[in-house]
Structure formats: C-alpha cells, structure tokens
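Written below as structure tokens is the structure these notes are about.
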Amino acid sequence: MAQKQITAKDRREDYALRYVPESFRLWHWSSIFSVFIGVSTAMFFLAWGGQLTLEYGTWPTIWGMVFGVLLIGSVGFFFSWVGSRTGLDSDLITRGSGYGFMGSAIASLVYSFNYIMFFAFEGSILVAALQTAAPHVPILVWELLIGVTFLVLAIWGMSFLSWLMWVTLPIYVIAVALVFSHAAHVSHPVPWLSYKPAHAPSTSAGPIFLQLGATVFALISMATQGADLGRFVRKKDQLVGSIFNGYVVMIVTFLGVVLLGSYFGLEFHQTNPGTYFSGVLGIGGVLTVIITQLRINTINVYSGSLAYSNFFSRVFHFTPGRQWWGILTAVLGTLLMMGNIFAHMLQVLTFEGVFIIAWAMSVVSDTIFNKWLLKINPRPYEYKRAFLPHFNPVGVGTLLLALVFAAPLAFGIAGPEGESLAPFVSAGLGLIFPPIIALALKGRPYHTASSATVPETSETTLQCIRCHEYFETIDMVMCPFHEGALCSVCCGSNAECHDMCKAEPNMELTIKVEQPSI
C-alpha cells in the first residue's frame with residue numbers, strides 16, 4: 001500500500017529533484033518525442049523565422065538553420081543519451097560533471113531564466129492574437145489572464161504534458177495547413193527563396209552568418225531538455241529516442257517550423273503569428289494560438305519548475321514541491337511579458353546564449369574529455385550530496401572564466417561585432433577549459449572523503465529515515481548523522497547535519513552505517 005502511495009506521489013512530482021528509477025522509465029520514445037515536437041511547434045519559432053528573414057534574407061536564414069540542426073542536434077543527442085542511460089536530468093548530470101553539489105545551483109539559476117524568457121515570448125504572441133480578436137480589451141488584462149491560467153496549469157507534470165501534446169498537435173497541423181493554403185494564393189511579388197532585404201543587412205556586427213549563429217546559440221536549452229525529458233524513456237528505446245530527441249526534433253524545428261515562419265513573414269508582412277493566424281482564420285486562428293500557447297508554455301512552466309526546485313533545495317534547503325516553483329516560473333514570465341521582452345527578441349537571445357552555451361558545453365566537455373578520454377572524472381554521474389564537493393572548480397571555474405571573457409563582449413565592450421562573437425567565445429572556452437583545469441588539479445576536485453556509504457542490501461527499495469517514503473536503493477545513502485538510510489533529496493535539503501559526513505571520518509559511525517539494521 002505504501003509503495004502505491006509513493007508511486008502516485010512521485011508521478012505528481014515527476015522526480016523533479018531525484019534520479020528516475022527504471023521502474024518509472026516506461027515512456028515509449030514517441031511519447032517523449034511528441035513533447036519535444038510540442039516545443040518545436042511553439043509560435044516563437046514562426047515569429048523568429050519571420051524576423052530573421054526580413055532582417056537577413058532567405059538563404060542566410062536557411063544556412064543559419066542548418067548550423068542550428070548540426071550544433072543543437074548534436075548536443076541534444078548527447079543530453080538525451082546520457083539522461084536516458086542514467087535516469088538523471090540536466091541538473092543532476094551537471095552535479096557530477098565538474099560543478100559539484102552547490103556549484104550546479106548556479107547553472108540551475110541561469111537555466112531558469114531561459115524558461116521564463118520563452119514563457120514571456122510565447123505569452124506576448126498569445127496577447128497579440130487575443131487583442132486582434134478583442135481590440136478594446138487592454139493589453140494588461142490579457143497579460144494577467146494568461147499569467148493566472150498558467151498558475152493553474154503549473155500543478156501538472158509529465159503525464160499531463162504527454163497527453164496535451166498528442167491531443168492538440170492535430171489542431172495545430174490543420175491550422176498551419178489552412179494558413180499556408182491562404183498564403184499560397186496571395187500574390188507573390190518576390191519569390192520566397194530569392195528574397196533579399198531592400199536594404200542590405202548591416203555588417204557592423206560582423207558577417208551575416210556570425211550574427212545568425214549568435215542567435216542560434218541561445219536555443220541550446222532545447223538540447224539540454226533532452227535529459228530532462230529523455231530520462232523517462234524505456235531502456236530499449238534509448239538510442240532511437242536520443243536520435244529523434246536530438247537530430248530529428250531539430251530538423252523539424254529549424255528546417256521545418258522556422259522556415260515556415262520565414263515564408264509566412266514575407267507573405268503577410270508580419271512576423272507575429274498571433275496577428276496573422278487571427279487575421280486569416282478569425283476566431284479559429286485565435287483558438288489555435290491559445291491551444292498552441294497552452295502546450296508550449298506548460299512545458300516552459302514544467303522545465304522552469306525543475307530548475308527552481310533544484311536551486312532552492314540546495315541553497316535554502318527549501319522543498320515545498322515542484323508545483324510551487326511552476327507558479328514562480330509563471331509569475332516571473334508574466335512580469336517579463338509585461339516588460340515587452342518580445343520587442344527585443346534577437347538581442348535577448350544573443351545575450352542569453354552566452355550564459356547557456358558556456359554551461360552546456362562545459363558539461364559536454366567534462367564527459368567527453370575528463371570522463372571518457374582522460375579518465376580523470378570517475379565514470380558514474382555522481383549526484384548525491386554526501387559524495388560530492390560543494391564546488392568543483394572544473395565546471396564552476398570554466399563557467400566563470402567563459403563569462404569573464406564573453407560577457408563583456410555581450411555587453412558591447414568590443415562593439416556590435418563583439419556582441420555577435422560572444423556566444424562563440426563562450427562555447428569555445430566552455431569546451432577547452434574543463435580538461436585544462438582538471439589536468440592542472442590532477443583530478444582532485446572530483447574526489448570527496450565521506451563517512452556516508454552506499455547501502456549494502458539486496459532490497460530494491462528502502463525507506464528514508466527522514467521522510468519515511470520508499471525509494472530505490474540506488475537513490476539512498478547510509479547517513480552517519482541520521483544513522484540510517486537517507487534518500488538523495490532529504491540528504492540534499494538537510495540543513496541540520498552541516499555535512500558531518502564530509503568532516504573527518506568517524507570510524508565508529510562508519511562501521512555502524514556499513515551494517516544497517518533495516
């Protein structure tokens with residue numbers, strides 16, 4: 001009976017803070033893929049494609065999207081593969097990939113802004129559609145209504161997301177087909193493929209491809225979501241799921257939806273899909289935008305809640321539940337929406353890319369070089385507080401050094417061209433520094449002396465001595481302070497022990513926890 005209750009509880013929480021056990025990795029790869037397709041069909045990508053094409057022309061936009069498929073598809077495959085193999089999300093992977101227990105909290109905080117930013121972008125598109133249908137209603141009213149709607153939806157998790165994607169995807173496809181049919185019968189003064197802006201785009205920010213690449217980098221969070229969602233996939237679907245969640249999703253996104261938005265932007269002379277969907281389909285267009293935004297912003301709220309759950313549990317030892325952090329994500333996203341962040345989309349994406357890419361590439365680098373090639377970092381992705389340093393200079397140092405060099409460029413210290421170079425500099429340093437720092441420190445930051453131990457038992461589940469819930473044995477540690485089995489979340493959020501296990505080991509306690517009476 002207790003086990004059933006725990007399963008229900010974990011389904012509500014969706015393992016926000018912990019390892020996903022194999023018993024819960026039941027999702028077919030197509031279910032996870034459908035959630036990613038929900039991300040791809042966000043109205044943001046239609047708007048982005050239109051803005052890029054009007055700014056740079058069609059062919060530069062196409063080549064920029066090819067770059068996006070290759071870069072973000074590869075990183076997405078990596079995160080999805082690691083997540084599906086380990087049952088860990090991007091934050092838990094980060095802990096054992098050069099950041100340490102507290103160090104990864106920095107990455108979580110940076111990561112969280114990404115989702116409130118996209119929440120605001122998507123919300124702004126929805127506001128445009130609603131105001132087209134009811135122009136006499138003040139914008140502020142629509143913004144508040146959208147915020148309240150997602151406060152309610154914040155309580156749901158993976159099960160709701162998968163259901164929502166499958167139910168609403170056909171509606172989106174039909175609506176896009178109708179808008180495309182309408183656009184195809186509009187006069188074509190300039191063929192889409194040969195379109196070039198009347199005024200050549202400025203190269204003061206560097207070559208056009210450099211400028212396009214800088215904005216593409218900001219979408220790297222789509223790749224890191226591969227672990228957040230891919231960790232639920234069935235064991236036998238790991239490879240095919242990683243291919244679809246990495247490369248196929250990016251092909252659909254960049255070479256499908258973005259280029260469709262490019263075409264629509266030229267045909268309708270409008271980059272906000274909330275406006276032209278409503279103009280073409282009337283109330284049906286408004287409903288389509290509403291349904292689409294429900295899909296994508298529910299994902300943004302869910303992913304943002306994971307980031308805040310991880311951050312606050314470690315820094316403030318505060319774990320009220322993932323749903324509350326979903327509410328925080330919705331509130332902050334609504335505030336950004338009110339601040340008209342949509343009007344500064346390309347600039348915000350470039351700046352955000354500097355932060356996200358440094359973290360993502362440092363995790364990739366630590367795995368490829370320090371784990372696989374140089375064998376400096378022990379192979380398992382350790383995520384339990386008892387066995388991790390607070391701050392690992394390999395990852396934290398890489399992030400700080402990358403930002404020291406790249407952030408001033410993003411702030412304009414070297415002019416517009418420096419702003420475009422900033423994400424590339426951040427990515428390059430994120431790849432280079434982890435093996436250099438790890439070799440210089442001879443791998444010492446990865447090893448932490450601890451009097452806590454791994455439970456030695458044939459039982460598949462154990463009861464946590466603190467929260468009294470049952471979890472898989474692999475997620476437990478034998479704690480010398482609590483003198484019993486402790487789950488990883490209680491271990492990570494406990495403010496009472498003061499990391500007693502990492503102090504000078506006490507032989508009596510060590511023997512006691514190595515022979516638990518459970």
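Labels used: A, B, ... for chains in the order of the structure tokens, numbers from 1 for residues in each chain, and numbers from 1 for ligands as shown.
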Write out as CSV the residues of segment 197-307 of chain A that have any atom within 6 Å of an atom of segment 116-133 of chain A, one row each with the nearest atom pair and its distance in Å to one decimal, counting only C-alpha atoms, sorted by chain and then rising number.
```
residue,atom,partner,partner_atom,distance
A:Gly274,CA,A:Ala129,CA,4.2
A:Thr275,CA,A:Ala129,CA,5.3
A:Ser278,CA,A:Ala129,CA,5.9
A:Val286,CA,A:Ala129,CA,5.6
A:Asn297,CA,A:Phe119,CA,5.6
```
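The residue set within 10 Å of Ile356 of chain A, counting only C-alpha atoms and dropping same-chain residues fewer than 2 places from it, reads Ala107, Val110, Tyr111, Phe113, Asn114, Phe217, Ala218, Leu219, Ile220, Ser221, Thr224, Phe351, Glu352, Gly353, Val354, Ala358, Trp359, Ala360, Met361, Leu399, Pro423, Ser426 and Ala427 of chain A.
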- Within 10 Å of Pro191 of chain A using only C-alpha atoms, minus same-chain residues under 5 positions, as a VMD selection string: chain A and resid 58 196 263 266 to 267
Hey, which bits of segment 349-464 of chain A sit within 12 Å of segment 309-325 of chain A, and for each residue what's the closest pair of atoms and how far apart in Å (one decimal), counting only C-alpha atoms, rows by chain and increasing number, as a tab-separated table?
```
residue	atom	partner	partner_atom	distance
A:Tyr383	CA	A:Asn310	CA	11.7
A:Lys384	CA	A:Arg314	CA	11.4
A:Arg385	CA	A:Arg314	CA	9.2
A:His390	CA	A:Arg314	CA	10.1
```
Keeping only N, CA, C and O atoms, write the selected residues to a file as a PDB file, in the first residue's frame.
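Writing the result to out.pdb gives the following:
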```pdb
ATOM      1  N   TYR A 383      25.560  12.237  -8.123  1.00  0.00           N
ATOM      2  CA  TYR A 383      24.663  13.374  -7.898  1.00  0.00           C
ATOM      3  C   TYR A 383      24.280  13.545  -6.431  1.00  0.00           C
ATOM      4  O   TYR A 383      23.610  14.509  -6.077  1.00  0.00           O
ATOM      5  N   LYS A 384      24.689  12.632  -5.570  1.00  0.00           N
ATOM      6  CA  LYS A 384      24.299  12.711  -4.156  1.00  0.00           C
ATOM      7  C   LYS A 384      25.216  13.656  -3.394  1.00  0.00           C
ATOM      8  O   LYS A 384      26.445  13.614  -3.544  1.00  0.00           O
ATOM      9  N   ARG A 385      24.630  14.472  -2.576  1.00  0.00           N
ATOM     10  CA  ARG A 385      25.363  15.469  -1.804  1.00  0.00           C
ATOM     11  C   ARG A 385      26.477  14.845  -0.969  1.00  0.00           C
ATOM     12  O   ARG A 385      27.569  15.407  -0.854  1.00  0.00           O
ATOM     13  N   HIS A 390      31.260  20.683  -2.488  1.00  0.00           N
ATOM     14  CA  HIS A 390      30.305  21.788  -2.636  1.00  0.00           C
ATOM     15  C   HIS A 390      30.478  22.445  -3.999  1.00  0.00           C
ATOM     16  O   HIS A 390      29.515  22.628  -4.742  1.00  0.00           O
TER      17      HIS A 390
END
```
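Checking A:Val141, A:Leu431, A:Phe44, A:Gly64 one by one against Asn272 of chain A, counting only C-alpha atoms, you find the shortest gap at A:Phe44.
One finds atom CA of Leu52 of chain A at 21.9 Å from atom CA of Phe355 of chain A.
Distance check against Thr215 of chain A using only C-alpha atoms: of A:Pro393, A:Gly38, A:Gly415, A:Gly49, the minimum falls on A:Gly49.
As for atom CA of Ser104 of chain A and atom CA of Leu71 of chain A, they are spaced 23.2 Å apart.
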